[in-house]
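Enquirer: Input structure: my_file.pdb, which contains PDB, C-alpha atoms.
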ATOM      1  CA  MET A   1      64.746  30.684  12.147
ATOM      2  CA  PRO A   2      63.939  31.423   8.503
ATOM      3  CA  PRO A   3      60.729  33.398   7.845
ATOM      4  CA  LEU A   4      59.177  30.150   6.688
ATOM      5  CA  SER A   5      55.900  28.370   7.449
ATOM      6  CA  ILE A   6      55.663  24.608   6.973
ATOM      7  CA  PHE A   7      52.256  23.032   6.387
ATOM      8  CA  ILE A   8      51.150  19.401   6.386
ATOM      9  CA  ILE A   9      47.734  17.885   5.701
ATOM     10  CA  ALA A  10      46.972  14.684   7.563
ATOM     11  CA  ARG A  11      44.484  12.044   8.582
ATOM     12  CA  ASP A  12      45.342   9.028  10.737
ATOM     13  CA  GLU A  13      49.094   9.547  10.433
ATOM     14  CA  ALA A  14      50.113   9.115  14.093
ATOM     15  CA  ASP A  15      52.709   6.494  13.157
ATOM     16  CA  ARG A  16      54.414   8.716  10.563
ATOM     17  CA  ILE A  17      53.818  12.411  11.150
ATOM     18  CA  GLY A  18      56.117  12.635  14.171
ATOM     19  CA  ARG A  19      59.143  11.816  12.060
ATOM     20  CA  THR A  20      58.047  14.339   9.432
ATOM     21  CA  ILE A  21      57.692  17.203  11.903
ATOM     22  CA  ALA A  22      60.792  16.361  13.962
ATOM     23  CA  ALA A  23      62.996  16.505  10.854
ATOM     24  CA  VAL A  24      62.091  20.147  10.093
ATOM     25  CA  ARG A  25      61.501  21.693  13.528
ATOM     26  CA  SER A  26      64.718  23.686  13.248
ATOM     27  CA  LEU A  27      63.490  25.402  10.072
ATOM     28  CA  SER A  28      60.330  27.073  11.292
ATOM     29  CA  ASP A  29      58.506  28.584  14.240
ATOM     30  CA  ASP A  30      55.246  28.039  12.371
ATOM     31  CA  ILE A  31      54.462  24.398  11.569
ATOM     32  CA  VAL A  32      50.799  23.949  10.634
ATOM     33  CA  VAL A  33      49.036  20.579  10.553
ATOM     34  CA  VAL A  34      45.556  20.549   9.026
ATOM     35  CA  ASP A  35      43.787  17.396  10.171
ATOM     36  CA  SER A  36      40.640  16.034   8.546
ATOM     37  CA  GLY A  37      39.256  13.826  11.298
ATOM     38  CA  SER A  38      42.011  11.551  12.585
ATOM     39  CA  THR A  39      40.960   8.957  15.159
ATOM     40  CA  ASP A  40      44.428   7.559  15.935
ATOM     41  CA  GLY A  41      45.890  10.471  17.905
ATOM     42  CA  THR A  42      47.567  12.274  15.009
ATOM     43  CA  GLN A  43      46.539  15.618  16.498
ATOM     44  CA  ALA A  44      48.236  14.902  19.828
ATOM     45  CA  VAL A  45      51.451  13.725  18.182
ATOM     46  CA  ALA A  46      51.644  16.871  16.036
ATOM     47  CA  ALA A  47      50.784  19.228  18.899
ATOM     48  CA  GLY A  48      53.335  17.514  21.130
ATOM     49  CA  LEU A  49      56.037  18.458  18.635
ATOM     50  CA  GLY A  50      55.007  22.105  18.596
ATOM     51  CA  ALA A  51      52.743  22.177  15.531
ATOM     52  CA  ARG A  52      49.553  24.218  15.354
ATOM     53  CA  VAL A  53      46.803  21.681  14.688
ATOM     54  CA  ILE A  54      43.713  22.900  12.843
ATOM     55  CA  GLU A  55      40.718  20.717  12.061
ATOM     56  CA  ASN A  56      39.070  20.986   8.657
ATOM     57  CA  PRO A  57      36.702  18.446   7.044
ATOM     58  CA  TRP A  58      38.181  16.851   3.933
ATOM     59  CA  PRO A  59      37.292  18.877   0.792
ATOM     60  CA  GLY A  60      39.811  17.267  -1.603
ATOM     61  CA  TYR A  61      43.590  17.410  -2.020
ATOM     62  CA  GLY A  62      44.012  20.788  -3.636
ATOM     63  CA  GLN A  63      41.349  22.501  -1.542
ATOM     64  CA  GLN A  64      42.807  21.170   1.702
ATOM     65  CA  LYS A  65      46.256  22.450   0.820
ATOM     66  CA  ARG A  66      44.824  25.842  -0.109
ATOM     67  CA  PHE A  67      43.093  25.943   3.274
ATOM     68  CA  ALA A  68      46.426  25.101   4.925
ATOM     69  CA  GLU A  69      48.195  27.869   2.994
ATOM     70  CA  ASP A  70      45.728  30.378   4.416
ATOM     71  CA  GLN A  71      46.592  29.356   7.994
ATOM     72  CA  CYS A  72      50.332  30.069   7.612
ATOM     73  CA  ARG A  73      51.924  33.160   9.180
ATOM     74  CA  HIS A  74      54.954  33.649   6.934
ATOM     75  CA  ARG A  75      55.255  34.612   3.273
ATOM     76  CA  TRP A  76      57.522  31.666   2.419
ATOM     77  CA  LEU A  77      55.826  28.257   2.500
ATOM     78  CA  LEU A  78      57.151  24.694   2.517
ATOM     79  CA  ASN A  79      54.685  21.885   1.971
ATOM     80  CA  LEU A  80      55.326  18.326   3.138
ATOM     81  CA  ASP A  81      52.999  15.352   3.223
ATOM     82  CA  ALA A  82      52.704  13.369   6.447
ATOM     83  CA  ASP A  83      54.539  10.410   4.882
ATOM     84  CA  GLU A  84      57.517  12.497   3.718
ATOM     85  CA  VAL A  85      60.757  13.172   5.575
ATOM     86  CA  ALA A  86      63.329  15.875   4.820
ATOM     87  CA  PRO A  87      66.794  14.401   5.534
ATOM     88  CA  PRO A  88      69.418  16.516   7.367
ATOM     89  CA  GLU A  89      71.234  17.540   4.182
ATOM     90  CA  LEU A  90      68.030  18.994   2.711
ATOM     91  CA  VAL A  91      67.199  20.791   5.962
ATOM     92  CA  ASP A  92      70.685  22.313   5.949
ATOM     93  CA  GLU A  93      70.275  23.356   2.319
ATOM     94  CA  ILE A  94      66.994  25.150   3.042
ATOM     95  CA  ALA A  95      68.474  26.854   6.114
ATOM     96  CA  ALA A  96      71.456  28.035   4.033
ATOM     97  CA  LEU A  97      69.057  29.371   1.407
ATOM     98  CA  PHE A  98      67.622  31.837   3.951
ATOM     99  CA  ALA A  99      70.865  32.504   5.844
ATOM    100  CA  ALA A 100      71.744  35.587   3.799
ATOM    101  CA  GLY A 101      68.193  36.949   3.716
ATOM    102  CA  GLU A 102      65.655  36.579   0.928
ATOM    103  CA  PRO A 103      66.358  33.612  -1.393
ATOM    104  CA  SER A 104      67.378  34.495  -4.934
ATOM    105  CA  GLU A 105      64.454  32.676  -6.557
ATOM    106  CA  GLU A 106      60.732  32.922  -5.803
ATOM    107  CA  ALA A 107      59.925  29.198  -5.858
ATOM    108  CA  TYR A 108      61.944  25.989  -5.683
ATOM    109  CA  ARG A 109      61.479  22.473  -6.975
ATOM    110  CA  LEU A 110      62.376  19.623  -4.641
ATOM    111  CA  ARG A 111      63.140  16.054  -5.644
ATOM    112  CA  ILE A 112      60.800  13.544  -3.951
ATOM    113  CA  ALA A 113      61.990   9.921  -4.111
ATOM    114  CA  GLU A 114      59.677   6.981  -3.515
ATOM    115  CA  MET A 115      60.774   4.703  -0.650
ATOM    116  CA  PHE A 116      59.682   1.077  -0.380
ATOM    117  CA  PRO A 117      59.288  -0.633   3.022
ATOM    118  CA  GLY A 118      62.646  -1.702   4.421
ATOM    119  CA  GLU A 119      64.672   0.898   2.520
ATOM    120  CA  GLY A 120      66.785   3.209   4.661
ATOM    121  CA  ALA A 121      67.754   5.515   1.810
ATOM    122  CA  PRO A 122      66.398   6.173  -1.683
ATOM    123  CA  HIS A 123      67.289   3.469  -4.173
ATOM    124  CA  ARG A 124      69.620   4.757  -6.865
ATOM    125  CA  PHE A 125      66.914   3.987  -9.443
ATOM    126  CA  ALA A 126      63.972   5.169  -7.346
ATOM    127  CA  TYR A 127      61.169   6.915  -9.192
ATOM    128  CA  ALA A 128      61.123  10.592  -8.266
ATOM    129  CA  LEU A 129      59.100  13.725  -8.942
ATOM    130  CA  THR A 130      60.339  17.314  -8.795
ATOM    131  CA  PRO A 131      57.329  19.504  -7.945
ATOM    132  CA  VAL A 132      57.410  23.004  -6.513
ATOM    133  CA  ARG A 133      57.156  22.641  -2.728
ATOM    134  CA  LEU A 134      59.005  25.714  -1.442
ATOM    135  CA  TYR A 135      57.537  29.015  -2.649
ATOM    136  CA  ARG A 136      56.400  32.509  -1.828
ATOM    137  CA  SER A 137      52.699  32.684  -1.078
ATOM    138  CA  ASP A 138      52.352  35.814  -3.221
ATOM    139  CA  LYS A 139      53.792  33.955  -6.218
ATOM    140  CA  GLY A 140      51.908  30.661  -6.148
ATOM    141  CA  ARG A 141      49.031  28.702  -4.670
ATOM    142  CA  TYR A 142      47.905  25.117  -4.784
ATOM    143  CA  SER A 143      45.426  24.225  -7.499
ATOM    144  CA  PRO A 144      41.840  23.843  -6.191
ATOM    145  CA  SER A 145      41.558  20.448  -7.929
ATOM    146  CA  PRO A 146      40.166  17.717  -5.639
ATOM    147  CA  VAL A 147      42.572  15.095  -7.033
ATOM    148  CA  HIS A 148      45.681  16.988  -8.165
ATOM    149  CA  ASP A 149      47.839  18.778  -5.605
ATOM    150  CA  ARG A 150      50.266  20.999  -7.453
ATOM    151  CA  VAL A 151      51.360  24.594  -7.015
ATOM    152  CA  GLU A 152      50.187  26.957  -9.733
ATOM    153  CA  LEU A 153      52.712  29.765 -10.124
ATOM    154  CA  GLN A 154      52.112  33.233 -11.472
ATOM    155  CA  PRO A 155      53.592  33.886 -14.931
ATOM    156  CA  GLY A 156      57.187  35.031 -14.747
ATOM    157  CA  THR A 157      57.904  33.513 -11.324
ATOM    158  CA  ARG A 158      61.587  32.684 -10.922
ATOM    159  CA  VAL A 159      61.959  28.972 -10.171
ATOM    160  CA  GLY A 160      65.070  27.246  -8.829
ATOM    161  CA  ARG A 161      65.808  23.689  -7.810
ATOM    162  CA  LEU A 162      67.296  22.342  -4.598
ATOM    163  CA  LYS A 163      69.802  19.493  -4.577
ATOM    164  CA  GLY A 164      68.410  17.576  -1.600
ATOM    165  CA  THR A 165      65.821  14.796  -1.815
ATOM    166  CA  ILE A 166      62.650  14.296   0.236
ATOM    167  CA  HIS A 167      62.155  10.673   1.311
ATOM    168  CA  HIS A 168      58.603   9.577   0.478
ATOM    169  CA  TYR A 169      57.427   6.623   2.613
ATOM    170  CA  SER A 170      54.121   6.180   0.821
ATOM    171  CA  VAL A 171      53.585   2.445   1.428
ATOM    172  CA  ARG A 172      52.836   0.997   4.859
ATOM    173  CA  SER A 173      51.835  -2.315   3.280
ATOM    174  CA  LEU A 174      50.433  -3.590  -0.002
ATOM    175  CA  GLY A 175      46.987  -3.925   1.571
ATOM    176  CA  GLU A 176      47.025  -0.342   2.801
ATOM    177  CA  GLN A 177      48.260   0.802  -0.600
ATOM    178  CA  ILE A 178      45.365  -0.959  -2.359
ATOM    179  CA  ALA A 179      42.815   0.680  -0.031
ATOM    180  CA  LYS A 180      44.411   4.077  -0.621
ATOM    181  CA  LEU A 181      44.432   3.660  -4.410
ATOM    182  CA  ASN A 182      40.833   2.416  -4.379
ATOM    183  CA  SER A 183      39.756   5.581  -2.582
ATOM    184  CA  TYR A 184      41.813   7.729  -4.941
ATOM    185  CA  SER A 185      40.220   6.070  -7.985
ATOM    186  CA  ASP A 186      36.799   7.084  -6.590
ATOM    187  CA  ALA A 187      37.988  10.690  -6.354
ATOM    188  CA  GLN A 188      39.319  10.585  -9.903
ATOM    189  CA  ALA A 189      36.036   9.160 -11.214
ATOM    190  CA  ASP A 190      34.234  12.011  -9.421
ATOM    191  CA  ASP A 191      36.598  14.513 -11.025
ATOM    192  CA  LEU A 192      35.963  13.083 -14.499
ATOM    193  CA  ASP A 193      32.218  13.416 -13.908
ATOM    194  CA  GLN A 194      32.507  17.001 -12.718
ATOM    195  CA  ARG A 195      34.578  17.964 -15.754
ATOM    196  CA  GLY A 196      32.231  16.174 -18.139
ATOM    197  CA  ALA A 197      35.109  14.077 -19.489
ATOM    198  CA  THR A 198      34.513  10.948 -21.536
ATOM    199  CA  LEU A 199      37.128   8.197 -21.734
ATOM    200  CA  SER A 200      37.093   5.722 -24.613
ATOM    201  CA  ALA A 201      35.976   2.155 -23.899
ATOM    202  CA  LEU A 202      39.270   1.072 -25.465
ATOM    203  CA  ARG A 203      40.965   2.421 -22.342
ATOM    204  CA  LEU A 204      39.398  -0.447 -20.366
ATOM    205  CA  ALA A 205      41.568  -2.902 -22.290
ATOM    206  CA  LEU A 206      44.717  -0.804 -22.568
ATOM    207  CA  GLU A 207      44.914   0.884 -19.178
ATOM    208  CA  PHE A 208      46.272  -2.054 -17.151
ATOM    209  CA  PRO A 209      49.027  -3.287 -19.512
ATOM    210  CA  GLY A 210      50.011   0.237 -20.521
ATOM    211  CA  ASN A 211      50.394   1.439 -16.950
ATOM    212  CA  PHE A 212      52.147  -1.716 -15.791
ATOM    213  CA  PHE A 213      54.750  -1.040 -18.487
ATOM    214  CA  LYS A 214      54.908   2.604 -17.418
ATOM    215  CA  ALA A 215      55.609   1.686 -13.787
ATOM    216  CA  TYR A 216      57.707  -1.451 -14.223
ATOM    217  CA  ILE A 217      59.902  -0.138 -17.042
ATOM    218  CA  GLY A 218      59.377   3.631 -17.226
ATOM    219  CA  ARG A 219      59.586   4.162 -13.470
ATOM    220  CA  ARG A 220      62.298   1.510 -13.153
ATOM    221  CA  HIS A 221      60.438  -0.693 -10.677
ATOM    222  CA  ALA A 222      61.958  -3.648 -12.543
ATOM    223  CA  LEU A 223      65.280  -2.754 -10.911
ATOM    224  CA  ARG A 224      63.842  -2.860  -7.396
ATOM    225  CA  GLY A 225      63.106  -6.541  -6.918
ATOM    226  CA  VAL A 226      59.890  -8.273  -5.936
ATOM    227  CA  TYR A 227      58.449  -5.218  -4.205
ATOM    228  CA  GLY A 228      58.945  -3.248  -7.391
ATOM    229  CA  PHE A 229      56.922  -5.824  -9.344
ATOM    230  CA  MET A 230      54.110  -5.852  -6.776
ATOM    231  CA  THR A 231      53.960  -2.061  -6.649
ATOM    232  CA  ALA A 232      53.799  -1.852 -10.453
ATOM    233  CA  MET A 233      50.875  -4.294 -10.435
ATOM    234  CA  ASN A 234      49.013  -2.205  -7.856
ATOM    235  CA  TYR A 235      49.626   0.984  -9.819
ATOM    236  CA  ALA A 236      48.368  -0.581 -13.063
ATOM    237  CA  PHE A 237      45.217  -1.906 -11.392
ATOM    238  CA  TYR A 238      44.492   1.482  -9.847
ATOM    239  CA  ARG A 239      44.784   3.204 -13.223
ATOM    240  CA  TYR A 240      42.448   0.608 -14.743
ATOM    241  CA  LEU A 241      40.022   0.942 -11.837
ATOM    242  CA  ARG A 242      39.492   4.681 -12.298
ATOM    243  CA  VAL A 243      38.482   4.048 -15.939
ATOM    244  CA  ALA A 244      36.274   1.092 -14.958
ATOM    245  CA  LYS A 245      34.465   3.201 -12.347
ATOM    246  CA  HIS A 246      34.028   5.978 -14.905
ATOM    247  CA  TRP A 247      32.409   3.521 -17.310
ATOM    248  CA  GLU A 248      30.305   1.900 -14.603
ATOM    249  CA  ARG A 249      28.799   5.296 -13.809
ATOM    250  CA  ARG A 250      28.119   5.997 -17.487
ATOM    251  CA  LEU A 251      26.340   2.655 -17.862
ATOM    252  CA  GLN A 252      24.296   3.295 -14.731
ATOM    253  CA  ARG A 253      23.216   6.694 -16.036
ATOM    254  CA  ARG A 254      22.208   5.137 -19.365
ATOM    255  CA  GLY A 255      20.118   2.573 -17.530
ATOM    256  CA  GLU A 256      18.436   5.272 -15.450
ATOM    257  CA  ARG A 257      17.585   7.260 -18.585
ATOM    258  CA  ARG A 258      16.077   4.187 -20.237
ATOM    259  CA  GLU A 259      13.974   3.487 -17.156
ATOM    260  CA  GLY A 260      12.835   7.120 -17.165
ATOM    261  CA  ASP A 261      11.868   6.936 -20.856
ATOM    262  CA  HIS A 262       9.995   3.694 -20.213
ATOM    263  CA  ASP A 263       8.120   5.177 -17.248
ATOM    264  CA  GLY A 264       7.196   8.228 -19.308
ATOM    265  CA  ARG A 265       5.456   6.220 -21.988
TER
END
Before anything else, please render the file you have as structure tokens.
Expert:
Amino acid sequence: MPPLSIFIIARDEADRIGRTIAAVRSLSDDIVVVDSGSTDGTQAVAAGLGARVIENPWPGYGQQKRFAEDQCRHRWLLNLDADEVAPPELVDEIAALFAAGEPSEEAYRLRIAEMFPGEGAPHRFAYALTPVRLYRSDKGRYSPSPVHDRVELQPGTRVGRLKGTIHHYSVRSLGEQIAKLNSYSDAQADDLDQRGATLSALRLALEFPGNFFKAYIGRRHALRGVYGFMTAMNYAFYRYLRVAKHWERRLQRRGERREGDHDGR
């Protein structure tokens, strides 16, 4: 097997993580699952497929992935989320990359295509990202941000790109997606507070229509039928909600200051 560790962060992913792990078992003798309190048997599913399961309370996205990096045994790391699946052609491509020894580059970008329920393969117009997911641990680490999970590479790191595509099954249902985005908007509002950021009140009016356009047209959801429309609506509402929660907190703090001034008189 390649000298490669694969790490996955998870919580309540028993219905999805098995497929994720099974797809890449041939690539690594060190598959690490960091669980943050699953109650649905995620730990047992992962352990049953040969993964090392480590419990760690949820500190935020970036911090959890940094914790997972530290548990890995090999210098080369591949990160997957519990709702992502590497198809056989991508697994073969990664195996071939290590077949002759050390890969030529020090980090690799992988295409990640969004999959809607009922799709067996990525839509030709599917929205996709190309983040660094395969990298040497001495050349990059995940950002410690609680809301952004991206690899920060050292200056001068050689970066390549693989041809294969990760299948991202992010949506179980619209209801589950709304709950997930609601929680994520809380985390983003917390992050804005911690950074002392201030968003204009004008964003309250512009955030929903602007982000619906971004998703429906810019991310080509318009070409993916009714589910594309519904997903674009959810995305736009989530982007509005993070700004609304930011402003709600500002207004609450103003009210508390006024009450304090009144009590001090």
Enquirer: Would you list the contacts of stretch 120-135 of chain A as number ranges by chain, taking every protein, DNA or RNA residue within 10 Å and counting all atoms listed in the file, but skipping same-chain residues closer than 3 positions in sequence?
Expert: A: 4-6, 75-80, 87, 94, 105-117, 138-142, 149-153, 157-162, 165-169, 215, 218-224, 228
Enquirer: May I ask which of the residues A:Gln177, A:Ser200, A:Thr42, A:Thr231 is the closest one to A:Trp247, counting all atoms listed in the file?
Expert: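 Nearest to A:Trp247: A:Ser200.
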Enquirer: Which polymer residues have any atom within 9 Å of an atom of stretch 202-204 of chain A, counting all atoms listed in the file, with same-chain residues fewer than 4 positions away left out, as a list in words?
Expert: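 The residues satisfying every condition are Phe208, Tyr240, Leu241, Val243, Ala244 and Trp247 of chain A.
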Enquirer: Determine the residue membership of the PyMOL selection byres ((chain A and resi 195-197) around 12) for the file above and supply it as a list in words.
Expert: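 What the PyMOL selection byres ((chain A and resi 195-197) around 12) grabs from the file is Ser145, Pro146, Gln188, Ala189, Asp190, Asp191, Leu192, Asp193, Gln194, Thr198, Leu199, Ser200, Val243, His246, Trp247 and Arg250 of chain A.
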Enquirer: Got time to write the residues from that selection, C-alpha atoms, as an mmCIF file, in the coordinates of the input?
Expert:
data_model
loop_
_atom_site.group_PDB
_atom_site.id
_atom_site.type_symbol
_atom_site.label_atom_id
_atom_site.label_comp_id
_atom_site.auth_asym_id
_atom_site.auth_seq_id
_atom_site.Cartn_x
_atom_site.Cartn_y
_atom_site.Cartn_z
ATOM 1 C CA SER A 145 41.558 20.448 -7.929
ATOM 2 C CA PRO A 146 40.166 17.717 -5.639
ATOM 3 C CA GLN A 188 39.319 10.585 -9.903
ATOM 4 C CA ALA A 189 36.036 9.160 -11.214
ATOM 5 C CA ASP A 190 34.234 12.011 -9.421
ATOM 6 C CA ASP A 191 36.598 14.513 -11.025
ATOM 7 C CA LEU A 192 35.963 13.083 -14.499
ATOM 8 C CA ASP A 193 32.218 13.416 -13.908
ATOM 9 C CA GLN A 194 32.507 17.001 -12.718
ATOM 10 C CA THR A 198 34.513 10.948 -21.536
ATOM 11 C CA LEU A 199 37.128 8.197 -21.734
ATOM 12 C CA SER A 200 37.093 5.722 -24.613
ATOM 13 C CA VAL A 243 38.482 4.048 -15.939
ATOM 14 C CA HIS A 246 34.028 5.978 -14.905
ATOM 15 C CA TRP A 247 32.409 3.521 -17.310
ATOM 16 C CA ARG A 250 28.119 5.997 -17.487
#
Enquirer: Which residue is closest to A:Phe213? Choose from A:Val226, A:Phe7, A:Val147, A:Ala232 and count all atoms listed in the file.
Expert: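 Selected residue with least distance to A:Phe213: A:Ala232.
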Enquirer: Step by step, work through what the PyMOL selection byres ((chain A and resi 50) around 10) selects in the shown file, and finish by giving those residues as a list in words.
Expert: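 Checked against the file, the PyMOL selection byres ((chain A and resi 50) around 10) matches Ile21, Ala22, Arg25, Asp29, Asp30, Ile31, Val32, Ala44, Val45, Ala46, Ala47, Gly48, Leu49, Ala51, Arg52 and Val53 of chain A.
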Enquirer: Could you check which residues have any atom within 7 Å of (38.8, 21.9, -3.1), counting all atoms listed in the file with coordinates taken straight from the file, and then list them as a VMD selection string?
Expert: chain A and resid 59 to 64 144 to 146
Enquirer: For the atom pair atom CA of A:Lys180 and atom CA of A:Ala23, what is the interatomic distance in Å to one decimal place?
Expert: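 Taking atom CA of A:Lys180 and atom CA of A:Ala23, their separation equals 25.1 Å.
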Enquirer: Hey, what comes out of the PyMOL selection byres ((chain A and resi 178) around 12) on this file? Could you write it as a PyMOL selection string?
Expert: chain A and resi 170-177+179-185+230-239+241
Enquirer: May I ask for the distance between atom CA of A:Val91 and atom CA of A:Arg136, given in Å to one decimal place?
Expert: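 Taking atom CA of A:Val91 and atom CA of A:Arg136, their separation equals 17.7 Å.
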Enquirer: As an exercise, work out the distance from atom CA of A:Glu207 to atom CA of A:Gly225 in Å and give it to one decimal place.
Expert: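 Separating atom CA of A:Glu207 from atom CA of A:Gly225 is a distance of 23.2 Å.
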Enquirer: Using only C-alpha atoms, which of A:Arg254, A:Lys245, A:Lys163, A:Arg11 sits nearest A:Asn56?
Expert: A:Arg11
Enquirer: When you count all atoms listed in the file, which of these residues is closest to A:Asp35: A:Arg19, A:Ser143, A:Ile8, A:Glu259?
Expert: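 Looking at the shortest contact to A:Asp35, the residue is A:Ile8.
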Enquirer: I need the residue nearest A:Ala201 from this list: A:Asp186, A:Glu248, A:Tyr227, A:Ile54. Use only C-alpha atoms for the distance.
Expert: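 Under the stated criterion, the closest residue is A:Glu248.
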Enquirer: Around stretch 28-31 of chain A, fit a box with edges along x, y and z, padding it by 3 Å on each side, then list its centre and edge lengths in Å to one decimal as JSON.
Expert:
{"center_x": 57.4, "center_y": 26.5, "center_z": 12.8, "size_x": 11.9, "size_y": 10.2, "size_z": 8.9}
Enquirer: With distances taken over only C-alpha atoms, which of A:Arg242, A:Pro3, A:Leu251, A:Pro209 is nearest to A:Gly101?
Expert: A:Pro3
